[in-house]
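Participant: This is the structure I want to talk about, given as structure tokens.
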Amino acid sequence: MADEPILSVRDLHTHFFADEGVVRAVDGTSFDLHSGRTLGIVGESGCGKSVTAKSILRIVERPGRIVSGQIMLRRQNGSTVDLTTLPTDGREMRSIRGGEIGLVFQEPMSSLSAFHTIGNQLMEGIRLHKDLSKRAIREQAIELLNMVGIPRPSQRIDSYSFELSGGLRQRVMIAMALAAEPRVLIADEPTTALDVTTQAQILDLIRRLQQERDLAVMLITHDMGVIAEMADDVVVMYLGKEVEKGPVDEIFHAPRHPYTQSLLRSIPSVLAEPRSRLATITGSIPHPFARPGGCPFHPRCPDRHAECETTVPAEVEIGENHVTACHLYTKVPA
Amino acid sequence: MTVLDVRHLRKHFPLRRGLLGRTAGYVKAVDDVSFSIEAGETLSLVGESGCGKTTTSRCILRAIRPSSGEILFRTGTGEQVDVAPLEKKQLRPLRRQMQMIFQDPFSSLNPRMTISEIIGEPLLVNGMTDTTIRNKRVADLLELVQLPSAYLNRFPHAFSGGQRQRIGIARALALNPSLIVADEPVSALDVSVQAQIVNLMLDLQDRLGLAYLFVAHDLSVVKHVSHRVAVMYVGRIVEIAPTTGLFNTPWHPYTEALLSAVPVPDPRRRAQRIVLEGDVADPSNPPSGCHFHPRCQYATDRCRIETPALREIAPGHSVRCLRAEELSLMGVPAA
């Protein structure tokens, strides 16, 4: 990790101001994305992983907004810009969104238009970010479809999204994300709606394209298996807080935060004994308006003590590039 | 005791074309499927979307009428009844004995009914009109699924996904069924909650001797709940075996590829995967011979022509592959 990060998120807070109260969807997240590396962001529903991605792209829906923090993007010309300061719909943000930062969503069905051919949608993406002739744009679109492994791309370019299978649609989404040759790719649950065999194809594709293009990938998922397979570094989130952050091997083999430990114990595995019971985490994820005080995980934590109920734990460095926010480690010198 | 014995089940949906709706062919969604489930046993049906696993379960519950085949169900009195040809009226007394747990706990509970009404409804419909007796039974059911009885008068929106799934299970158990069909019961839940529901289903089965038909695509969950597993591909069972045998020594190349595609939660095991080319075959126009041959790395000319039969290759382990003996396939690595 010697090189400078392409994208640095620092102490990001994104809150939703609803009539019933304020939901602190993202509440102090910091991480770096590097070229050629994959950062996995993992957590259960309501942990803020998708809102983090939307914050970076500045597409957080009302009543949500970024309250504080910085999102520093190192641009192609070497300058650095804080995305939180840009107007959401301004020219600069629009050229970054889908330009320097490509994105892939979970639902390839609903993210593609049913009224336009995939070629039309793909060519629009290219046209917005590049100044090329019509014919060159079409050629490039076919080239992109070929690159993401779509068979007979010169014919498929004129088909509609509903004529394609889920796996092919997700390939089209990836082609669109890469149309403007981004250096950062944000993939939000890119394989969740797919079958395992298709998932393996798509993960393979993302890995291959990352190597070819030296992409910085931010992979958001709830699936620890996908994280283990893809990530170099991992951020584990719970109720808007990052609870643990570190190299993938340490997260899986030396997890320190009780939530990470419990989560890893509770996932079913094909390696388990048949009919074996799973370790569980008691209770369920609290409602966003009923967020516990102190450490947000304390009501479900097997290791909680009095301090956890009142004080939010600070992040402690417990190894090289490995930090956790837990009172178990705040007292012992790192 | 065999609770369910399915023999040569077929469900063919007509494909209609043109203005007059002429039948232009059939989608063989379920094509000669046979299996049985004992009391206290879980059989899982696995496969990719479109493989026919949900259609199979819907035929068994008689939500749809099968095209042919027998569905022999053992009733509470011990006799075997073929539910496949029965009419609505004849099915009614049997329906209470086979119940369903749904995938989505958010849309499967009526938002305008209290928990007590939701769980009590099947009891009321089946003649338990005395409110005191019914409420006692509902309270017992809540205890069975480990929910506090204080929740009785609340509405579904007050509950988390895991709690709603417990409510759905309590409702399914209300009439003492012997068979539970669970279609993806935990796939909509968060990991930490999924584990609780898996354990609950295992406990309930041990306590009540339930037979489970578990329909799922997640092979990791399947490993934790099943005694036996049937793998389906384009309407047919391609392999059926005891759980350990299927995961450790698969005999069908499709099973091998499915197992190999499951991401293992350990970064030190980034194994070389078998990445299947292409998509699941179109069931309205399946490939000749073995349906899997276009995607199979071991396919020969014979596989394109001959349709393999399902045959027993080891005790309780059957496979539909012409070349099974010649291949030595990879299962999941030892833990």
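In the structure tokens, the first chain shown is A, the next is B, and so on; residue numbers restart at 1 for each chain, and ligands run from 1 in the order shown.
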Can you tell me which residues surround range 210-220 of chain B at a distance of at most 6 Å, considering only C-alpha atoms, apart from same-chain residues fewer than 4 positions away, and format the answer as a PDB file with N, CA and C atoms, in the first residue's frame?

Facilitator:
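Ended up saving to around28.pdb:
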ATOM      1  N   PRO A 268     -23.184 -19.902   7.722  1.00  0.00           N
ATOM      2  CA  PRO A 268     -23.161 -21.307   7.316  1.00  0.00           C
ATOM      3  C   PRO A 268     -22.039 -21.535   6.317  1.00  0.00           C
ATOM      4  N   SER A 269     -21.470 -22.714   6.325  1.00  0.00           N
ATOM      5  CA  SER A 269     -20.363 -22.993   5.421  1.00  0.00           C
ATOM      6  C   SER A 269     -20.528 -24.368   4.799  1.00  0.00           C
ATOM      7  N   VAL A 270     -20.120 -24.498   3.552  1.00  0.00           N
ATOM      8  CA  VAL A 270     -20.155 -25.813   2.902  1.00  0.00           C
ATOM      9  C   VAL A 270     -19.150 -26.758   3.549  1.00  0.00           C
TER      10      VAL A 270
ATOM     11  N   ALA B  39     -40.321 -39.359   7.961  1.00  0.00           N
ATOM     12  CA  ALA B  39     -40.607 -38.503   9.116  1.00  0.00           C
ATOM     13  C   ALA B  39     -39.289 -38.125   9.777  1.00  0.00           C
ATOM     14  N   GLY B  40     -39.175 -36.881  10.205  1.00  0.00           N
ATOM     15  CA  GLY B  40     -37.960 -36.423  10.878  1.00  0.00           C
ATOM     16  C   GLY B  40     -36.793 -36.167   9.943  1.00  0.00           C
ATOM     17  N   GLU B  41     -37.060 -36.248   8.635  1.00  0.00           N
ATOM     18  CA  GLU B  41     -35.963 -36.101   7.672  1.00  0.00           C
ATOM     19  C   GLU B  41     -36.097 -34.805   6.876  1.00  0.00           C
ATOM     20  N   THR B  42     -34.956 -34.226   6.490  1.00  0.00           N
ATOM     21  CA  THR B  42     -34.957 -33.082   5.584  1.00  0.00           C
ATOM     22  C   THR B  42     -34.368 -33.503   4.251  1.00  0.00           C
ATOM     23  N   LEU B  43     -35.149 -33.297   3.192  1.00  0.00           N
ATOM     24  CA  LEU B  43     -34.604 -33.442   1.846  1.00  0.00           C
ATOM     25  C   LEU B  43     -34.545 -32.046   1.252  1.00  0.00           C
ATOM     26  N   SER B  44     -33.389 -31.661   0.741  1.00  0.00           N
ATOM     27  CA  SER B  44     -33.277 -30.355   0.101  1.00  0.00           C
ATOM     28  C   SER B  44     -33.309 -30.502  -1.404  1.00  0.00           C
ATOM     29  N   LEU B  45     -34.007 -29.585  -2.050  1.00  0.00           N
ATOM     30  CA  LEU B  45     -33.982 -29.487  -3.503  1.00  0.00           C
ATOM     31  C   LEU B  45     -33.138 -28.274  -3.847  1.00  0.00           C
ATOM     32  N   VAL B  46     -32.054 -28.475  -4.581  1.00  0.00           N
ATOM     33  CA  VAL B  46     -31.203 -27.347  -4.925  1.00  0.00           C
ATOM     34  C   VAL B  46     -31.024 -27.260  -6.436  1.00  0.00           C
ATOM     35  N   GLY B  47     -30.609 -26.101  -6.874  1.00  0.00           N
ATOM     36  CA  GLY B  47     -30.392 -25.888  -8.301  1.00  0.00           C
ATOM     37  C   GLY B  47     -30.526 -24.412  -8.600  1.00  0.00           C
ATOM     38  N   SER B 178     -47.432 -32.877   9.304  1.00  0.00           N
ATOM     39  CA  SER B 178     -46.331 -33.845   9.324  1.00  0.00           C
ATOM     40  C   SER B 178     -45.269 -33.469   8.291  1.00  0.00           C
ATOM     41  N   LEU B 179     -45.665 -32.648   7.300  1.00  0.00           N
ATOM     42  CA  LEU B 179     -44.720 -32.235   6.261  1.00  0.00           C
ATOM     43  C   LEU B 179     -44.697 -30.715   6.172  1.00  0.00           C
ATOM     44  N   ILE B 180     -43.482 -30.160   6.170  1.00  0.00           N
ATOM     45  CA  ILE B 180     -43.316 -28.718   5.973  1.00  0.00           C
ATOM     46  C   ILE B 180     -42.532 -28.507   4.686  1.00  0.00           C
ATOM     47  N   VAL B 181     -43.099 -27.701   3.795  1.00  0.00           N
ATOM     48  CA  VAL B 181     -42.366 -27.320   2.599  1.00  0.00           C
ATOM     49  C   VAL B 181     -41.840 -25.902   2.838  1.00  0.00           C
ATOM     50  N   ALA B 182     -40.537 -25.750   2.823  1.00  0.00           N
ATOM     51  CA  ALA B 182     -39.934 -24.449   3.103  1.00  0.00           C
ATOM     52  C   ALA B 182     -39.195 -23.985   1.854  1.00  0.00           C
ATOM     53  N   ASP B 183     -39.719 -22.946   1.208  1.00  0.00           N
ATOM     54  CA  ASP B 183     -39.102 -22.454  -0.026  1.00  0.00           C
ATOM     55  C   ASP B 183     -38.233 -21.245   0.305  1.00  0.00           C
ATOM     56  N   GLU B 184     -36.940 -21.433   0.292  1.00  0.00           N
ATOM     57  CA  GLU B 184     -35.968 -20.369   0.609  1.00  0.00           C
ATOM     58  C   GLU B 184     -36.323 -19.647   1.918  1.00  0.00           C
ATOM     59  N   GLN B 205     -37.714 -29.781  14.234  1.00  0.00           N
ATOM     60  CA  GLN B 205     -37.766 -31.074  13.561  1.00  0.00           C
ATOM     61  C   GLN B 205     -37.458 -32.205  14.544  1.00  0.00           C
TER      62      GLN B 205
END

Participant: Quick one: which residues from chain B are at most 6 Å off chain A, using only C-alpha atoms, as a PyMOL selection string?

Facilitator: chain B and resi 48+190+192+195-196+199+220-221+223-225+261+263-267+270+335

Participant: Extract the full set of strand (DSSP E or B) residues from range 149-257 of chain A according to DSSP on the backbone, and format it as an NGL selection string.

Facilitator: :A and (160 or 184-188 or 216-221 or 233-238 or 241-247)

Participant: Please indicate the distance in Å from CA of His291 in chain B to CA of Ser161 in chain A, rounded to one decimal place.

Facilitator: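 About the pair CA of His291 in chain B and CA of Ser161 in chain A: they are 25.7 Å apart.
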
Participant: May I have the residues within 10 Å of range 6-16 of chain B as a PyMOL selection string, using only C-alpha atoms and disregarding those fewer than 6 positions away in the same chain?

Facilitator: chain B and resi 22-37+52+55-56+59-60+64-73+82+84+235-236+284

Participant: Export, as an mmCIF file, in the first residue's frame, the selected residues with N, CA and C atoms.

Facilitator:
data_model
loop_
_atom_site.group_PDB
_atom_site.id
_atom_site.type_symbol
_atom_site.label_atom_id
_atom_site.label_comp_id
_atom_site.auth_asym_id
_atom_site.auth_seq_id
_atom_site.Cartn_x
_atom_site.Cartn_y
_atom_site.Cartn_z
ATOM 1 N N ARG B 22 -52.546 -21.092 -30.000
ATOM 2 C CA ARG B 22 -52.256 -22.504 -30.253
ATOM 3 C C ARG B 22 -51.076 -22.943 -29.408
ATOM 4 N N THR B 23 -51.123 -24.169 -28.959
ATOM 5 C CA THR B 23 -50.021 -24.706 -28.181
ATOM 6 C C THR B 23 -48.850 -24.990 -29.115
ATOM 7 N N ALA B 24 -47.760 -24.288 -28.863
ATOM 8 C CA ALA B 24 -46.625 -24.400 -29.764
ATOM 9 C C ALA B 24 -45.527 -25.271 -29.173
ATOM 10 N N GLY B 25 -45.805 -25.862 -28.040
ATOM 11 C CA GLY B 25 -44.789 -26.686 -27.396
ATOM 12 C C GLY B 25 -45.014 -26.675 -25.903
ATOM 13 N N TYR B 26 -44.122 -27.308 -25.163
ATOM 14 C CA TYR B 26 -44.285 -27.371 -23.715
ATOM 15 C C TYR B 26 -42.984 -26.998 -23.015
ATOM 16 N N VAL B 27 -43.132 -26.321 -21.881
ATOM 17 C CA VAL B 27 -41.985 -26.143 -21.003
ATOM 18 C C VAL B 27 -42.048 -27.275 -19.988
ATOM 19 N N LYS B 28 -41.078 -28.148 -20.045
ATOM 20 C CA LYS B 28 -41.067 -29.264 -19.098
ATOM 21 C C LYS B 28 -40.395 -28.793 -17.814
ATOM 22 N N ALA B 29 -41.177 -28.077 -16.998
ATOM 23 C CA ALA B 29 -40.623 -27.481 -15.784
ATOM 24 C C ALA B 29 -40.199 -28.557 -14.796
ATOM 25 N N VAL B 30 -41.020 -29.600 -14.704
ATOM 26 C CA VAL B 30 -40.665 -30.752 -13.871
ATOM 27 C C VAL B 30 -40.827 -31.971 -14.762
ATOM 28 N N ASP B 31 -39.755 -32.761 -14.885
ATOM 29 C CA ASP B 31 -39.741 -33.801 -15.901
ATOM 30 C C ASP B 31 -39.279 -35.124 -15.280
ATOM 31 N N ASP B 32 -40.246 -35.905 -14.820
ATOM 32 C CA ASP B 32 -39.970 -37.218 -14.235
ATOM 33 C C ASP B 32 -39.110 -37.119 -12.976
ATOM 34 N N VAL B 33 -39.677 -36.497 -11.948
ATOM 35 C CA VAL B 33 -38.965 -36.334 -10.682
ATOM 36 C C VAL B 33 -39.527 -37.318 -9.661
ATOM 37 N N SER B 34 -38.653 -38.078 -9.029
ATOM 38 C CA SER B 34 -39.055 -39.033 -7.994
ATOM 39 C C SER B 34 -38.154 -38.879 -6.771
ATOM 40 N N PHE B 35 -38.760 -38.872 -5.596
ATOM 41 C CA PHE B 35 -37.989 -38.903 -4.339
ATOM 42 C C PHE B 35 -38.959 -39.193 -3.209
ATOM 43 N N SER B 36 -38.428 -39.499 -2.044
ATOM 44 C CA SER B 36 -39.295 -39.707 -0.884
ATOM 45 C C SER B 36 -38.675 -39.019 0.323
ATOM 46 N N ILE B 37 -39.509 -38.719 1.309
ATOM 47 C CA ILE B 37 -39.027 -38.105 2.547
ATOM 48 C C ILE B 37 -39.626 -38.865 3.731
ATOM 49 N N GLY B 52 -36.700 -25.822 -11.726
ATOM 50 C CA GLY B 52 -37.929 -26.565 -11.451
ATOM 51 C C GLY B 52 -38.124 -26.914 -9.988
ATOM 52 N N THR B 55 -41.389 -25.241 -8.721
ATOM 53 C CA THR B 55 -42.554 -25.867 -9.349
ATOM 54 C C THR B 55 -42.821 -27.233 -8.716
ATOM 55 N N THR B 56 -41.762 -27.976 -8.443
ATOM 56 C CA THR B 56 -41.924 -29.271 -7.771
ATOM 57 C C THR B 56 -42.630 -29.094 -6.436
ATOM 58 N N CYS B 59 -46.296 -28.285 -6.811
ATOM 59 C CA CYS B 59 -47.092 -29.460 -7.177
ATOM 60 C C CYS B 59 -47.413 -30.278 -5.928
ATOM 61 N N ILE B 60 -46.407 -30.457 -5.072
ATOM 62 C CA ILE B 60 -46.609 -31.287 -3.884
ATOM 63 C C ILE B 60 -47.656 -30.668 -2.966
ATOM 64 N N ILE B 64 -50.558 -26.081 -7.629
ATOM 65 C CA ILE B 64 -50.813 -26.300 -9.048
ATOM 66 C C ILE B 64 -51.018 -27.798 -9.259
ATOM 67 N N ARG B 65 -51.661 -28.155 -10.362
ATOM 68 C CA ARG B 65 -51.948 -29.566 -10.632
ATOM 69 C C ARG B 65 -50.833 -30.139 -11.511
ATOM 70 N N PRO B 66 -50.228 -31.243 -11.063
ATOM 71 C CA PRO B 66 -49.169 -31.832 -11.891
ATOM 72 C C PRO B 66 -49.741 -32.411 -13.182
ATOM 73 N N SER B 67 -48.916 -32.512 -14.214
ATOM 74 C CA SER B 67 -49.368 -33.068 -15.488
ATOM 75 C C SER B 67 -49.521 -34.578 -15.383
ATOM 76 N N SER B 68 -48.589 -35.207 -14.672
ATOM 77 C CA SER B 68 -48.730 -36.645 -14.435
ATOM 78 C C SER B 68 -47.839 -37.030 -13.269
ATOM 79 N N GLY B 69 -47.951 -38.272 -12.835
ATOM 80 C CA GLY B 69 -47.148 -38.750 -11.720
ATOM 81 C C GLY B 69 -47.970 -38.892 -10.458
ATOM 82 N N GLU B 70 -47.347 -39.473 -9.452
ATOM 83 C CA GLU B 70 -48.028 -39.697 -8.180
ATOM 84 C C GLU B 70 -47.344 -38.912 -7.069
ATOM 85 N N ILE B 71 -48.147 -38.404 -6.153
ATOM 86 C CA ILE B 71 -47.625 -37.743 -4.954
ATOM 87 C C ILE B 71 -48.275 -38.459 -3.780
ATOM 88 N N LEU B 72 -47.605 -39.469 -3.259
ATOM 89 C CA LEU B 72 -48.188 -40.280 -2.190
ATOM 90 C C LEU B 72 -47.855 -39.651 -0.848
ATOM 91 N N PHE B 73 -48.906 -39.249 -0.141
ATOM 92 C CA PHE B 73 -48.734 -38.567 1.135
ATOM 93 C C PHE B 73 -49.351 -39.422 2.231
ATOM 94 N N ASP B 82 -52.787 -40.585 -2.784
ATOM 95 C CA ASP B 82 -52.175 -39.886 -3.913
ATOM 96 C C ASP B 82 -52.879 -38.540 -4.073
ATOM 97 N N ALA B 84 -52.037 -36.162 -6.117
ATOM 98 C CA ALA B 84 -51.877 -35.574 -7.453
ATOM 99 C C ALA B 84 -53.206 -35.347 -8.179
ATOM 100 N N GLY B 235 -35.412 -29.226 -14.863
ATOM 101 C CA GLY B 235 -36.580 -30.071 -14.649
ATOM 102 C C GLY B 235 -36.307 -31.487 -14.181
ATOM 103 N N ARG B 236 -35.037 -31.878 -14.179
ATOM 104 C CA ARG B 236 -34.725 -33.256 -13.790
ATOM 105 C C ARG B 236 -33.805 -33.284 -12.579
ATOM 106 N N SER B 284 -37.797 -24.591 -22.323
ATOM 107 C CA SER B 284 -38.750 -24.783 -23.416
ATOM 108 C C SER B 284 -38.051 -25.379 -24.631
#

Participant: Extract, using only C-alpha atoms, all DNA, RNA and protein residues at most 9 Å from Cys303 in chain B, discarding same-chain residues fewer than 6 positions from it, and format them as a ChimeraX atom specification.

Facilitator: /B:288-293,321-323

Participant: Could you tell me, as a PDB file with N, CA and C atoms, in the first residue's frame, which residues of range 200-325 of chain B DSSP assigns to alpha helix (DSSP H) when given the backbone?

Facilitator:
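Printed below is result15.pdb as written:
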ATOM      1  N   LEU B 200     -33.576 -23.003  14.789  1.00  0.00           N
ATOM      2  CA  LEU B 200     -34.958 -23.233  15.220  1.00  0.00           C
ATOM      3  C   LEU B 200     -35.594 -24.357  14.396  1.00  0.00           C
ATOM      4  N   MET B 201     -35.360 -24.317  13.090  1.00  0.00           N
ATOM      5  CA  MET B 201     -35.941 -25.357  12.239  1.00  0.00           C
ATOM      6  C   MET B 201     -35.375 -26.735  12.585  1.00  0.00           C
ATOM      7  N   LEU B 202     -34.083 -26.799  12.901  1.00  0.00           N
ATOM      8  CA  LEU B 202     -33.483 -28.077  13.306  1.00  0.00           C
ATOM      9  C   LEU B 202     -34.095 -28.566  14.617  1.00  0.00           C
ATOM     10  N   ASP B 203     -34.242 -27.641  15.595  1.00  0.00           N
ATOM     11  CA  ASP B 203     -34.806 -28.016  16.892  1.00  0.00           C
ATOM     12  C   ASP B 203     -36.247 -28.506  16.757  1.00  0.00           C
ATOM     13  N   LEU B 204     -37.052 -27.774  15.991  1.00  0.00           N
ATOM     14  CA  LEU B 204     -38.458 -28.144  15.835  1.00  0.00           C
ATOM     15  C   LEU B 204     -38.590 -29.512  15.177  1.00  0.00           C
ATOM     16  N   GLN B 205     -37.714 -29.781  14.234  1.00  0.00           N
ATOM     17  CA  GLN B 205     -37.766 -31.074  13.561  1.00  0.00           C
ATOM     18  C   GLN B 205     -37.458 -32.205  14.544  1.00  0.00           C
ATOM     19  N   ASP B 206     -36.436 -31.994  15.385  1.00  0.00           N
ATOM     20  CA  ASP B 206     -36.090 -33.022  16.359  1.00  0.00           C
ATOM     21  C   ASP B 206     -37.221 -33.227  17.363  1.00  0.00           C
ATOM     22  N   ARG B 207     -37.861 -32.132  17.781  1.00  0.00           N
ATOM     23  CA  ARG B 207     -38.922 -32.247  18.788  1.00  0.00           C
ATOM     24  C   ARG B 207     -40.198 -32.839  18.233  1.00  0.00           C
ATOM     25  N   LEU B 208     -40.558 -32.442  17.004  1.00  0.00           N
ATOM     26  CA  LEU B 208     -41.876 -32.796  16.482  1.00  0.00           C
ATOM     27  C   LEU B 208     -41.838 -33.873  15.400  1.00  0.00           C
ATOM     28  N   LEU B 219     -26.084 -23.445  -0.987  1.00  0.00           N
ATOM     29  CA  LEU B 219     -25.601 -24.769  -0.601  1.00  0.00           C
ATOM     30  C   LEU B 219     -25.017 -24.793   0.805  1.00  0.00           C
ATOM     31  N   SER B 220     -24.562 -23.646   1.305  1.00  0.00           N
ATOM     32  CA  SER B 220     -24.029 -23.623   2.668  1.00  0.00           C
ATOM     33  C   SER B 220     -25.148 -23.876   3.668  1.00  0.00           C
ATOM     34  N   VAL B 221     -26.275 -23.201   3.485  1.00  0.00           N
ATOM     35  CA  VAL B 221     -27.416 -23.418   4.372  1.00  0.00           C
ATOM     36  C   VAL B 221     -27.900 -24.861   4.230  1.00  0.00           C
ATOM     37  N   VAL B 222     -27.952 -25.341   2.999  1.00  0.00           N
ATOM     38  CA  VAL B 222     -28.414 -26.702   2.738  1.00  0.00           C
ATOM     39  C   VAL B 222     -27.576 -27.725   3.508  1.00  0.00           C
ATOM     40  N   LYS B 223     -26.281 -27.495   3.559  1.00  0.00           N
ATOM     41  CA  LYS B 223     -25.403 -28.419   4.290  1.00  0.00           C
ATOM     42  C   LYS B 223     -25.795 -28.498   5.758  1.00  0.00           C
ATOM     43  N   HIS B 224     -26.243 -27.364   6.313  1.00  0.00           N
ATOM     44  CA  HIS B 224     -26.576 -27.329   7.743  1.00  0.00           C
ATOM     45  C   HIS B 224     -27.923 -27.943   8.084  1.00  0.00           C
ATOM     46  N   VAL B 225     -28.820 -28.087   7.114  1.00  0.00           N
ATOM     47  CA  VAL B 225     -30.163 -28.557   7.468  1.00  0.00           C
ATOM     48  C   VAL B 225     -30.509 -29.953   6.922  1.00  0.00           C
ATOM     49  N   THR B 243     -26.344 -36.122   2.468  1.00  0.00           N
ATOM     50  CA  THR B 243     -25.631 -34.841   2.437  1.00  0.00           C
ATOM     51  C   THR B 243     -24.109 -35.006   2.335  1.00  0.00           C
ATOM     52  N   THR B 244     -23.548 -35.831   3.219  1.00  0.00           N
ATOM     53  CA  THR B 244     -22.093 -35.992   3.217  1.00  0.00           C
ATOM     54  C   THR B 244     -21.595 -36.515   1.875  1.00  0.00           C
ATOM     55  N   GLY B 245     -22.292 -37.517   1.343  1.00  0.00           N
ATOM     56  CA  GLY B 245     -21.885 -38.099   0.072  1.00  0.00           C
ATOM     57  C   GLY B 245     -21.932 -37.090  -1.052  1.00  0.00           C
ATOM     58  N   LEU B 246     -22.991 -36.285  -1.074  1.00  0.00           N
ATOM     59  CA  LEU B 246     -23.140 -35.328  -2.163  1.00  0.00           C
ATOM     60  C   LEU B 246     -22.058 -34.248  -2.104  1.00  0.00           C
ATOM     61  N   PHE B 247     -21.758 -33.762  -0.907  1.00  0.00           N
ATOM     62  CA  PHE B 247     -20.780 -32.679  -0.789  1.00  0.00           C
ATOM     63  C   PHE B 247     -19.341 -33.197  -0.921  1.00  0.00           C
ATOM     64  N   ASN B 248     -19.068 -34.403  -0.377  1.00  0.00           N
ATOM     65  CA  ASN B 248     -17.683 -34.883  -0.394  1.00  0.00           C
ATOM     66  C   ASN B 248     -17.323 -35.627  -1.662  1.00  0.00           C
ATOM     67  N   PRO B 253     -21.108 -33.938 -12.879  1.00  0.00           N
ATOM     68  CA  PRO B 253     -20.302 -32.742 -13.146  1.00  0.00           C
ATOM     69  C   PRO B 253     -21.014 -31.438 -12.777  1.00  0.00           C
ATOM     70  N   TYR B 254     -22.354 -31.428 -12.871  1.00  0.00           N
ATOM     71  CA  TYR B 254     -23.068 -30.204 -12.500  1.00  0.00           C
ATOM     72  C   TYR B 254     -22.973 -29.958 -10.993  1.00  0.00           C
ATOM     73  N   THR B 255     -23.109 -31.030 -10.200  1.00  0.00           N
ATOM     74  CA  THR B 255     -22.959 -30.890  -8.757  1.00  0.00           C
ATOM     75  C   THR B 255     -21.553 -30.384  -8.424  1.00  0.00           C
ATOM     76  N   GLU B 256     -20.573 -30.961  -9.102  1.00  0.00           N
ATOM     77  CA  GLU B 256     -19.190 -30.534  -8.865  1.00  0.00           C
ATOM     78  C   GLU B 256     -19.030 -29.036  -9.128  1.00  0.00           C
ATOM     79  N   ALA B 257     -19.611 -28.573 -10.250  1.00  0.00           N
ATOM     80  CA  ALA B 257     -19.482 -27.156 -10.606  1.00  0.00           C
ATOM     81  C   ALA B 257     -20.220 -26.270  -9.610  1.00  0.00           C
ATOM     82  N   LEU B 258     -21.409 -26.710  -9.172  1.00  0.00           N
ATOM     83  CA  LEU B 258     -22.167 -25.936  -8.186  1.00  0.00           C
ATOM     84  C   LEU B 258     -21.370 -25.794  -6.897  1.00  0.00           C
ATOM     85  N   LEU B 259     -20.821 -26.908  -6.420  1.00  0.00           N
ATOM     86  CA  LEU B 259     -20.060 -26.888  -5.163  1.00  0.00           C
ATOM     87  C   LEU B 259     -18.837 -25.999  -5.300  1.00  0.00           C
ATOM     88  N   SER B 260     -18.216 -26.074  -6.464  1.00  0.00           N
ATOM     89  CA  SER B 260     -16.995 -25.309  -6.670  1.00  0.00           C
ATOM     90  C   SER B 260     -17.267 -23.808  -6.742  1.00  0.00           C
ATOM     91  N   ALA B 261     -18.504 -23.437  -7.109  1.00  0.00           N
ATOM     92  CA  ALA B 261     -18.835 -22.020  -7.258  1.00  0.00           C
ATOM     93  C   ALA B 261     -19.156 -21.347  -5.925  1.00  0.00           C
ATOM     94  N   ASP B 301     -19.351 -37.033 -27.364  1.00  0.00           N
ATOM     95  CA  ASP B 301     -20.403 -37.112 -28.386  1.00  0.00           C
ATOM     96  C   ASP B 301     -21.619 -37.880 -27.884  1.00  0.00           C
ATOM     97  N   ARG B 302     -21.343 -38.919 -27.107  1.00  0.00           N
ATOM     98  CA  ARG B 302     -22.421 -39.753 -26.573  1.00  0.00           C
ATOM     99  C   ARG B 302     -23.407 -38.922 -25.744  1.00  0.00           C
ATOM    100  N   CYS B 303     -22.868 -37.927 -24.982  1.00  0.00           N
ATOM    101  CA  CYS B 303     -23.706 -37.117 -24.093  1.00  0.00           C
ATOM    102  C   CYS B 303     -24.678 -36.248 -24.886  1.00  0.00           C
ATOM    103  N   ARG B 304     -24.340 -35.968 -26.137  1.00  0.00           N
ATOM    104  CA  ARG B 304     -25.214 -35.136 -26.968  1.00  0.00           C
ATOM    105  C   ARG B 304     -26.393 -35.933 -27.492  1.00  0.00           C
ATOM    106  N   ILE B 305     -26.249 -37.235 -27.542  1.00  0.00           N
ATOM    107  CA  ILE B 305     -27.265 -38.081 -28.170  1.00  0.00           C
ATOM    108  C   ILE B 305     -28.099 -38.821 -27.135  1.00  0.00           C
TER     109      ILE B 305
END

Participant: Please report the interatomic distance between CA of Ala172 in chain B and CA of Gln97 in chain B in Å with one decimal.

Facilitator: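 Computed distance, CA of Ala172 in chain B to CA of Gln97 in chain B, equals 9.6 Å.
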
Participant: Would you pick out the contacts of Gly240 in chain A at 6 Å or less, using only C-alpha atoms, so that residues sharing its chain but fewer than 4 positions from it are not included, and give the list as a list in words?

Facilitator: Ala25, Val26, Asp27, Cys47 and Gly48 of chain A

Participant: Suppose you want the space between CA of Val145 in chain B and CA of Ile167 in chain B; what is it in Å?

Facilitator: 7.6 Å

Participant: Ranking A:Leu328, A:Ala290, A:Met72, A:Ile157 by minimum distance to Leu12 in chain A and counting only C-alpha atoms, which one comes first?

Facilitator: A:Met72
